[in-house]
Amino acid sequence: MKHYLERTADVLHAQGSGPAGLSPSAAAERLAAHGPNALEEAKKKTLLQRIWEQIRDPMVLVLVAAAIISGAFEEVADMVIILLVVVLNATLGIIQENKAEEAIAALQKLSAPYARVRRGGSVCDVPAAELVPGDVVLLEAGNAVPADLRILETASLRVEEAALTGESVPVEKTAEPRPANGEDDVPLGDRVNMAYMGTNVVYGRGEGVVIATGMQTEMGKIAGILSSTEEEKTPLQQKLASL
């Protein structure tokens with residue numbers, strides 16, 4: 001469902017919610033069904049695993065063999081230089097692998113620790129990890145958006161979305177549905193009636209209903225791509241390995 005094209009009443013109905021939000025029991029059931037509103041951590045490799053992945057490369061094995069042969073013939077200088085190249089290559093490879101983990105960790109830091117929600121008609125603060133689809137979230141200046149929301153009400157609400165779209169100017173939000181205009185889809189930056197996890201409210205206030213949590217959010221999809229991306233060898237590396 002493209003929530004930004006739908007009226008707020010239709011979005012609430014689709015989420016099984018209403019202006020008063022979910023009941024505490026319904027929220028607990030959905031939390032059990034959907035899981036926590038958090039980004040999954042990529043499976044971390046041990047240092048020994050990373051080192052082994054670096055030295056098992058055919059070209060590295062050739063260099064190690066060359067170092068051993070140089071040592072056997074008492075060519076100490078050659079042996080030291082070759083081993084330095086091997087160590088440098090392994091170190092750079094390990095550093096590159098760490099970058100993906102650091103990127104995911106940075107995304108997790110963008111998540112809000114708590115969120116103000118309306119449940120059963122009462123306003124309360126809950127851990128952001130316990131948000132579920134259908135929760136009605138209250139936003140005000142200074143808040144981090146805790147999940148992907150369809151905006152229900154606004155009062156001069158502006159959200160800074162640079163972390164997601166790269167747009168440095170805060171976006172003014174509205175509760176009105178986007179006109180279809182025959183479009184198959186609307187670019188992320190133009191969905192002015194949506195607010196996304198990892199963005200920040202810089203002005204005004206508003207309300208929104210949660211339509212996605214955790215890895216189903218736009219930020220979660222980015223984290224999923226980062227954690228699943230495998231390093232590919234360049235054509236030169238492939239030819240050298242074949243040789």
# chains A, B, ... in the order shown; residues from 1 in each chain; ligands from 1
call {"tool": "select_by_dssp", "arguments": {"residues": "segment 20-217 of chain A", "states": "alpha helix (DSSP H)", "output": "PDB file with N, CA and C atoms, in the first residue's frame"}}
result
ATOM      1  N   PRO A  24      -3.198  -1.042  24.716  1.00  0.00           N
ATOM      2  CA  PRO A  24      -1.956  -1.677  25.185  1.00  0.00           C
ATOM      3  C   PRO A  24      -1.883  -3.163  24.841  1.00  0.00           C
ATOM      4  N   SER A  25      -3.007  -3.866  24.908  1.00  0.00           N
ATOM      5  CA  SER A  25      -3.003  -5.301  24.593  1.00  0.00           C
ATOM      6  C   SER A  25      -2.738  -5.536  23.109  1.00  0.00           C
ATOM      7  N   ALA A  26      -3.355  -4.696  22.247  1.00  0.00           N
ATOM      8  CA  ALA A  26      -3.125  -4.833  20.808  1.00  0.00           C
ATOM      9  C   ALA A  26      -1.670  -4.521  20.463  1.00  0.00           C
ATOM     10  N   ALA A  27      -1.100  -3.514  21.129  1.00  0.00           N
ATOM     11  CA  ALA A  27       0.297  -3.165  20.883  1.00  0.00           C
ATOM     12  C   ALA A  27       1.221  -4.317  21.287  1.00  0.00           C
ATOM     13  N   ALA A  28       0.924  -4.968  22.413  1.00  0.00           N
ATOM     14  CA  ALA A  28       1.741  -6.091  22.866  1.00  0.00           C
ATOM     15  C   ALA A  28       1.665  -7.259  21.886  1.00  0.00           C
ATOM     16  N   GLU A  29       0.468  -7.524  21.354  1.00  0.00           N
ATOM     17  CA  GLU A  29       0.314  -8.604  20.374  1.00  0.00           C
ATOM     18  C   GLU A  29       1.101  -8.309  19.109  1.00  0.00           C
ATOM     19  N   ARG A  30       1.056  -7.068  18.652  1.00  0.00           N
ATOM     20  CA  ARG A  30       1.771  -6.710  17.420  1.00  0.00           C
ATOM     21  C   ARG A  30       3.283  -6.722  17.631  1.00  0.00           C
ATOM     22  N   LEU A  31       3.719  -6.354  18.840  1.00  0.00           N
ATOM     23  CA  LEU A  31       5.157  -6.396  19.121  1.00  0.00           C
ATOM     24  C   LEU A  31       5.654  -7.836  19.041  1.00  0.00           C
ATOM     25  N   ALA A  32       4.853  -8.770  19.545  1.00  0.00           N
ATOM     26  CA  ALA A  32       5.236 -10.179  19.472  1.00  0.00           C
ATOM     27  C   ALA A  32       5.253 -10.673  18.031  1.00  0.00           C
ATOM     28  N   ALA A  33       4.354 -10.135  17.204  1.00  0.00           N
ATOM     29  CA  ALA A  33       4.249 -10.576  15.813  1.00  0.00           C
ATOM     30  C   ALA A  33       5.307  -9.943  14.926  1.00  0.00           C
ATOM     31  N   HIS A  34       5.581  -8.653  15.125  1.00  0.00           N
ATOM     32  CA  HIS A  34       6.498  -7.922  14.241  1.00  0.00           C
ATOM     33  C   HIS A  34       7.923  -7.858  14.759  1.00  0.00           C
ATOM     34  N   LEU A  47      38.508 -11.582  14.338  1.00  0.00           N
ATOM     35  CA  LEU A  47      39.721 -11.079  13.696  1.00  0.00           C
ATOM     36  C   LEU A  47      40.452 -12.199  12.957  1.00  0.00           C
ATOM     37  N   LEU A  48      40.466 -13.400  13.548  1.00  0.00           N
ATOM     38  CA  LEU A  48      41.138 -14.531  12.898  1.00  0.00           C
ATOM     39  C   LEU A  48      40.443 -14.904  11.591  1.00  0.00           C
ATOM     40  N   GLN A  49      39.101 -14.855  11.578  1.00  0.00           N
ATOM     41  CA  GLN A  49      38.359 -15.146  10.349  1.00  0.00           C
ATOM     42  C   GLN A  49      38.692 -14.135   9.258  1.00  0.00           C
ATOM     43  N   ARG A  50      38.798 -12.886   9.626  1.00  0.00           N
ATOM     44  CA  ARG A  50      39.102 -11.847   8.648  1.00  0.00           C
ATOM     45  C   ARG A  50      40.525 -11.999   8.105  1.00  0.00           C
ATOM     46  N   ILE A  51      41.450 -12.309   9.002  1.00  0.00           N
ATOM     47  CA  ILE A  51      42.833 -12.504   8.560  1.00  0.00           C
ATOM     48  C   ILE A  51      42.924 -13.689   7.607  1.00  0.00           C
ATOM     49  N   TRP A  52      42.226 -14.787   7.930  1.00  0.00           N
ATOM     50  CA  TRP A  52      42.249 -15.967   7.068  1.00  0.00           C
ATOM     51  C   TRP A  52      41.666 -15.665   5.692  1.00  0.00           C
ATOM     52  N   GLU A  53      40.600 -14.882   5.646  1.00  0.00           N
ATOM     53  CA  GLU A  53      39.996 -14.527   4.360  1.00  0.00           C
ATOM     54  C   GLU A  53      40.957 -13.716   3.501  1.00  0.00           C
ATOM     55  N   GLN A  54      41.787 -12.929   4.153  1.00  0.00           N
ATOM     56  CA  GLN A  54      42.742 -12.105   3.409  1.00  0.00           C
ATOM     57  C   GLN A  54      43.920 -12.922   2.886  1.00  0.00           C
ATOM     58  N   ILE A  55      44.435 -13.856   3.694  1.00  0.00           N
ATOM     59  CA  ILE A  55      45.660 -14.570   3.280  1.00  0.00           C
ATOM     60  C   ILE A  55      45.358 -15.767   2.386  1.00  0.00           C
ATOM     61  N   PRO A  58      44.702 -16.345  -3.707  1.00  0.00           N
ATOM     62  CA  PRO A  58      45.804 -16.985  -4.458  1.00  0.00           C
ATOM     63  C   PRO A  58      47.041 -16.107  -4.593  1.00  0.00           C
ATOM     64  N   MET A  59      46.863 -14.840  -4.871  1.00  0.00           N
ATOM     65  CA  MET A  59      48.019 -13.965  -5.040  1.00  0.00           C
ATOM     66  C   MET A  59      48.787 -13.795  -3.740  1.00  0.00           C
ATOM     67  N   VAL A  60      48.057 -13.745  -2.615  1.00  0.00           N
ATOM     68  CA  VAL A  60      48.725 -13.615  -1.320  1.00  0.00           C
ATOM     69  C   VAL A  60      49.510 -14.882  -1.010  1.00  0.00           C
ATOM     70  N   LEU A  61      48.932 -16.038  -1.342  1.00  0.00           N
ATOM     71  CA  LEU A  61      49.629 -17.303  -1.114  1.00  0.00           C
ATOM     72  C   LEU A  61      50.912 -17.375  -1.942  1.00  0.00           C
ATOM     73  N   VAL A  62      50.854 -16.841  -3.167  1.00  0.00           N
ATOM     74  CA  VAL A  62      52.054 -16.802  -4.008  1.00  0.00           C
ATOM     75  C   VAL A  62      53.124 -15.925  -3.359  1.00  0.00           C
ATOM     76  N   LEU A  63      52.706 -14.785  -2.812  1.00  0.00           N
ATOM     77  CA  LEU A  63      53.661 -13.897  -2.160  1.00  0.00           C
ATOM     78  C   LEU A  63      54.263 -14.543  -0.918  1.00  0.00           C
ATOM     79  N   VAL A  64      53.439 -15.245  -0.147  1.00  0.00           N
ATOM     80  CA  VAL A  64      53.949 -15.921   1.046  1.00  0.00           C
ATOM     81  C   VAL A  64      54.977 -16.989   0.641  1.00  0.00           C
ATOM     82  N   ALA A  65      54.655 -17.735  -0.416  1.00  0.00           N
ATOM     83  CA  ALA A  65      55.593 -18.750  -0.908  1.00  0.00           C
ATOM     84  C   ALA A  65      56.895 -18.102  -1.363  1.00  0.00           C
ATOM     85  N   ALA A  66      56.782 -16.958  -2.040  1.00  0.00           N
ATOM     86  CA  ALA A  66      57.984 -16.251  -2.495  1.00  0.00           C
ATOM     87  C   ALA A  66      58.821 -15.788  -1.313  1.00  0.00           C
ATOM     88  N   ALA A  67      58.146 -15.355  -0.230  1.00  0.00           N
ATOM     89  CA  ALA A  67      58.864 -14.918   0.966  1.00  0.00           C
ATOM     90  C   ALA A  67      59.611 -16.081   1.596  1.00  0.00           C
ATOM     91  N   ILE A  68      58.967 -17.252   1.640  1.00  0.00           N
ATOM     92  CA  ILE A  68      59.613 -18.442   2.212  1.00  0.00           C
ATOM     93  C   ILE A  68      60.840 -18.839   1.395  1.00  0.00           C
ATOM     94  N   ILE A  69      60.696 -18.805   0.067  1.00  0.00           N
ATOM     95  CA  ILE A  69      61.819 -19.158  -0.807  1.00  0.00           C
ATOM     96  C   ILE A  69      62.962 -18.159  -0.639  1.00  0.00           C
ATOM     97  N   SER A  70      62.590 -16.861  -0.540  1.00  0.00           N
ATOM     98  CA  SER A  70      63.626 -15.837  -0.350  1.00  0.00           C
ATOM     99  C   SER A  70      64.365 -16.066   0.960  1.00  0.00           C
ATOM    100  N   GLY A  71      63.621 -16.433   2.000  1.00  0.00           N
ATOM    101  CA  GLY A  71      64.249 -16.709   3.280  1.00  0.00           C
ATOM    102  C   GLY A  71      65.162 -17.912   3.211  1.00  0.00           C
ATOM    103  N   ALA A  72      64.742 -18.945   2.460  1.00  0.00           N
ATOM    104  CA  ALA A  72      65.562 -20.160   2.328  1.00  0.00           C
ATOM    105  C   ALA A  72      66.876 -19.854   1.634  1.00  0.00           C
ATOM    106  N   VAL A  76      67.196 -11.945   2.850  1.00  0.00           N
ATOM    107  CA  VAL A  76      66.401 -11.403   3.957  1.00  0.00           C
ATOM    108  C   VAL A  76      65.647 -10.133   3.562  1.00  0.00           C
ATOM    109  N   ALA A  77      66.288  -9.265   2.822  1.00  0.00           N
ATOM    110  CA  ALA A  77      65.646  -8.004   2.430  1.00  0.00           C
ATOM    111  C   ALA A  77      64.398  -8.273   1.592  1.00  0.00           C
ATOM    112  N   ASP A  78      64.530  -9.175   0.609  1.00  0.00           N
ATOM    113  CA  ASP A  78      63.374  -9.516  -0.224  1.00  0.00           C
ATOM    114  C   ASP A  78      62.258 -10.122   0.614  1.00  0.00           C
ATOM    115  N   MET A  79      62.620 -11.026   1.532  1.00  0.00           N
ATOM    116  CA  MET A  79      61.619 -11.676   2.366  1.00  0.00           C
ATOM    117  C   MET A  79      60.853 -10.649   3.201  1.00  0.00           C
ATOM    118  N   VAL A  80      61.575  -9.711   3.795  1.00  0.00           N
ATOM    119  CA  VAL A  80      60.933  -8.693   4.639  1.00  0.00           C
ATOM    120  C   VAL A  80      60.000  -7.820   3.822  1.00  0.00           C
ATOM    121  N   ILE A  81      60.452  -7.411   2.628  1.00  0.00           N
ATOM    122  CA  ILE A  81      59.614  -6.551   1.784  1.00  0.00           C
ATOM    123  C   ILE A  81      58.336  -7.274   1.369  1.00  0.00           C
ATOM    124  N   ILE A  82      58.459  -8.532   0.961  1.00  0.00           N
ATOM    125  CA  ILE A  82      57.285  -9.297   0.539  1.00  0.00           C
ATOM    126  C   ILE A  82      56.305  -9.464   1.697  1.00  0.00           C
ATOM    127  N   LEU A  83      56.818  -9.794   2.882  1.00  0.00           N
ATOM    128  CA  LEU A  83      55.939  -9.968   4.049  1.00  0.00           C
ATOM    129  C   LEU A  83      55.257  -8.656   4.440  1.00  0.00           C
ATOM    130  N   LEU A  84      55.977  -7.549   4.296  1.00  0.00           N
ATOM    131  CA  LEU A  84      55.360  -6.241   4.564  1.00  0.00           C
ATOM    132  C   LEU A  84      54.200  -5.974   3.609  1.00  0.00           C
ATOM    133  N   VAL A  85      54.392  -6.344   2.335  1.00  0.00           N
ATOM    134  CA  VAL A  85      53.310  -6.178   1.354  1.00  0.00           C
ATOM    135  C   VAL A  85      52.101  -7.026   1.734  1.00  0.00           C
ATOM    136  N   VAL A  86      52.362  -8.265   2.166  1.00  0.00           N
ATOM    137  CA  VAL A  86      51.266  -9.161   2.565  1.00  0.00           C
ATOM    138  C   VAL A  86      50.521  -8.590   3.765  1.00  0.00           C
ATOM    139  N   VAL A  87      51.259  -8.122   4.769  1.00  0.00           N
ATOM    140  CA  VAL A  87      50.629  -7.564   5.971  1.00  0.00           C
ATOM    141  C   VAL A  87      49.834  -6.303   5.631  1.00  0.00           C
ATOM    142  N   LEU A  88      50.406  -5.437   4.783  1.00  0.00           N
ATOM    143  CA  LEU A  88      49.714  -4.215   4.390  1.00  0.00           C
ATOM    144  C   LEU A  88      48.431  -4.537   3.634  1.00  0.00           C
ATOM    145  N   ASN A  89      48.490  -5.498   2.733  1.00  0.00           N
ATOM    146  CA  ASN A  89      47.315  -5.897   1.963  1.00  0.00           C
ATOM    147  C   ASN A  89      46.219  -6.431   2.887  1.00  0.00           C
ATOM    148  N   ALA A  90      46.591  -7.276   3.848  1.00  0.00           N
ATOM    149  CA  ALA A  90      45.610  -7.833   4.783  1.00  0.00           C
ATOM    150  C   ALA A  90      45.005  -6.747   5.659  1.00  0.00           C
ATOM    151  N   THR A  91      45.836  -5.811   6.101  1.00  0.00           N
ATOM    152  CA  THR A  91      45.349  -4.727   6.956  1.00  0.00           C
ATOM    153  C   THR A  91      44.337  -3.852   6.229  1.00  0.00           C
ATOM    154  N   LEU A  92      44.642  -3.494   4.982  1.00  0.00           N
ATOM    155  CA  LEU A  92      43.711  -2.669   4.202  1.00  0.00           C
ATOM    156  C   LEU A  92      42.403  -3.408   3.961  1.00  0.00           C
ATOM    157  N   GLY A  93      42.485  -4.712   3.703  1.00  0.00           N
ATOM    158  CA  GLY A  93      41.271  -5.501   3.481  1.00  0.00           C
ATOM    159  C   GLY A  93      40.382  -5.537   4.710  1.00  0.00           C
ATOM    160  N   ILE A  94      40.992  -5.701   5.871  1.00  0.00           N
ATOM    161  CA  ILE A  94      40.234  -5.741   7.126  1.00  0.00           C
ATOM    162  C   ILE A  94      39.590  -4.381   7.408  1.00  0.00           C
ATOM    163  N   ILE A  95      40.321  -3.304   7.138  1.00  0.00           N
ATOM    164  CA  ILE A  95      39.773  -1.961   7.340  1.00  0.00           C
ATOM    165  C   ILE A  95      38.551  -1.734   6.452  1.00  0.00           C
ATOM    166  N   GLN A  96      38.613  -2.193   5.199  1.00  0.00           N
ATOM    167  CA  GLN A  96      37.479  -2.028   4.292  1.00  0.00           C
ATOM    168  C   GLN A  96      36.265  -2.799   4.781  1.00  0.00           C
ATOM    169  N   GLU A  97      36.482  -3.999   5.329  1.00  0.00           N
ATOM    170  CA  GLU A  97      35.367  -4.782   5.847  1.00  0.00           C
ATOM    171  C   GLU A  97      34.712  -4.094   7.035  1.00  0.00           C
ATOM    172  N   ASN A  98      35.519  -3.402   7.828  1.00  0.00           N
ATOM    173  CA  ASN A  98      34.980  -2.729   9.008  1.00  0.00           C
ATOM    174  C   ASN A  98      34.073  -1.563   8.644  1.00  0.00           C
ATOM    175  N   LYS A  99      34.257  -1.009   7.445  1.00  0.00           N
ATOM    176  CA  LYS A  99      33.486   0.171   7.062  1.00  0.00           C
ATOM    177  C   LYS A  99      31.992  -0.117   7.011  1.00  0.00           C
ATOM    178  N   ALA A 100      31.606  -1.292   6.505  1.00  0.00           N
ATOM    179  CA  ALA A 100      30.185  -1.636   6.434  1.00  0.00           C
ATOM    180  C   ALA A 100      29.585  -1.741   7.835  1.00  0.00           C
ATOM    181  N   GLU A 101      30.315  -2.366   8.758  1.00  0.00           N
ATOM    182  CA  GLU A 101      29.826  -2.487  10.131  1.00  0.00           C
ATOM    183  C   GLU A 101      29.699  -1.114  10.781  1.00  0.00           C
ATOM    184  N   GLU A 102      30.660  -0.232  10.518  1.00  0.00           N
ATOM    185  CA  GLU A 102      30.605   1.105  11.081  1.00  0.00           C
ATOM    186  C   GLU A 102      29.424   1.894  10.519  1.00  0.00           C
ATOM    187  N   ALA A 103      29.112   1.675   9.238  1.00  0.00           N
ATOM    188  CA  ALA A 103      27.976   2.368   8.622  1.00  0.00           C
ATOM    189  C   ALA A 103      26.674   1.938   9.275  1.00  0.00           C
ATOM    190  N   ILE A 104      26.509   0.634   9.526  1.00  0.00           N
ATOM    191  CA  ILE A 104      25.294   0.138  10.176  1.00  0.00           C
ATOM    192  C   ILE A 104      25.204   0.666  11.602  1.00  0.00           C
ATOM    193  N   ALA A 105      26.346   0.694  12.310  1.00  0.00           N
ATOM    194  CA  ALA A 105      26.353   1.226  13.670  1.00  0.00           C
ATOM    195  C   ALA A 105      25.947   2.700  13.683  1.00  0.00           C
ATOM    196  N   ALA A 106      26.382   3.447  12.656  1.00  0.00           N
ATOM    197  CA  ALA A 106      26.009   4.857  12.565  1.00  0.00           C
ATOM    198  C   ALA A 106      24.510   5.002  12.333  1.00  0.00           C
ATOM    199  N   LEU A 107      23.930   4.115  11.526  1.00  0.00           N
ATOM    200  CA  LEU A 107      22.487   4.156  11.301  1.00  0.00           C
ATOM    201  C   LEU A 107      21.726   3.866  12.590  1.00  0.00           C
ATOM    202  N   GLN A 108      22.228   2.933  13.383  1.00  0.00           N
ATOM    203  CA  GLN A 108      21.561   2.590  14.630  1.00  0.00           C
ATOM    204  C   GLN A 108      21.582   3.756  15.609  1.00  0.00           C
ATOM    205  N   LYS A 109      22.628   4.566  15.575  1.00  0.00           N
ATOM    206  CA  LYS A 109      22.705   5.713  16.465  1.00  0.00           C
ATOM    207  C   LYS A 109      21.669   6.775  16.127  1.00  0.00           C
ATOM    208  N   ALA A 162      18.193  15.007   5.725  1.00  0.00           N
ATOM    209  CA  ALA A 162      19.482  14.883   5.042  1.00  0.00           C
ATOM    210  C   ALA A 162      20.067  13.486   5.181  1.00  0.00           C
ATOM    211  N   ALA A 163      19.871  12.843   6.325  1.00  0.00           N
ATOM    212  CA  ALA A 163      20.443  11.507   6.540  1.00  0.00           C
ATOM    213  C   ALA A 163      19.881  10.482   5.569  1.00  0.00           C
ATOM    214  N   LEU A 164      18.678  10.738   5.054  1.00  0.00           N
ATOM    215  CA  LEU A 164      18.025   9.765   4.180  1.00  0.00           C
ATOM    216  C   LEU A 164      18.029  10.194   2.717  1.00  0.00           C
ATOM    217  N   THR A 165      17.735  11.457   2.462  1.00  0.00           N
ATOM    218  CA  THR A 165      17.594  11.917   1.083  1.00  0.00           C
ATOM    219  C   THR A 165      18.753  12.794   0.613  1.00  0.00           C
TER     220      THR A 165
END
call {"tool": "residues_around", "arguments": {"residues": "Val202 of chain A", "least_positions_apart": "3", "cutoff": "7 Å", "atoms": "only C-alpha atoms", "output": "list in words"}}
result
Ala141, Gly142, Arg158, Val159 and Glu160 of chain A
call {"tool": "write_last_selection", "arguments": {"atoms": "C-alpha atoms", "output": "CSV table (one decimal), in the first residue's frame"}}
result
chain,number,residue,atom,x,y,z
A,141,ALA,CA,10.7,20.0,17.6
A,142,GLY,CA,13.9,18.3,18.7
A,158,ARG,CA,9.3,20.6,9.4
A,159,VAL,CA,11.6,17.6,9.2
A,160,GLU,CA,15.3,17.5,8.4
call {"tool": "atom_distance", "arguments": {"atom1": "atom CA of Asn37 of chain A", "atom2": "atom CA of Met197 of chain A"}}
result
10.1 Å
call {"tool": "select_by_dssp", "arguments": {"residues": "segment 15-169 of chain A", "states": "strand (DSSP E)", "output": "PyMOL selection string"}}
result
chain A and resi 114-119+122-127+136-140+148-160
call {"tool": "closest_residue", "arguments": {"among": "A:Glu40, A:Glu140, A:Glu130, A:Asp57", "to": "Ile225 of chain A", "atoms": "only C-alpha atoms"}}
result
A:Glu40
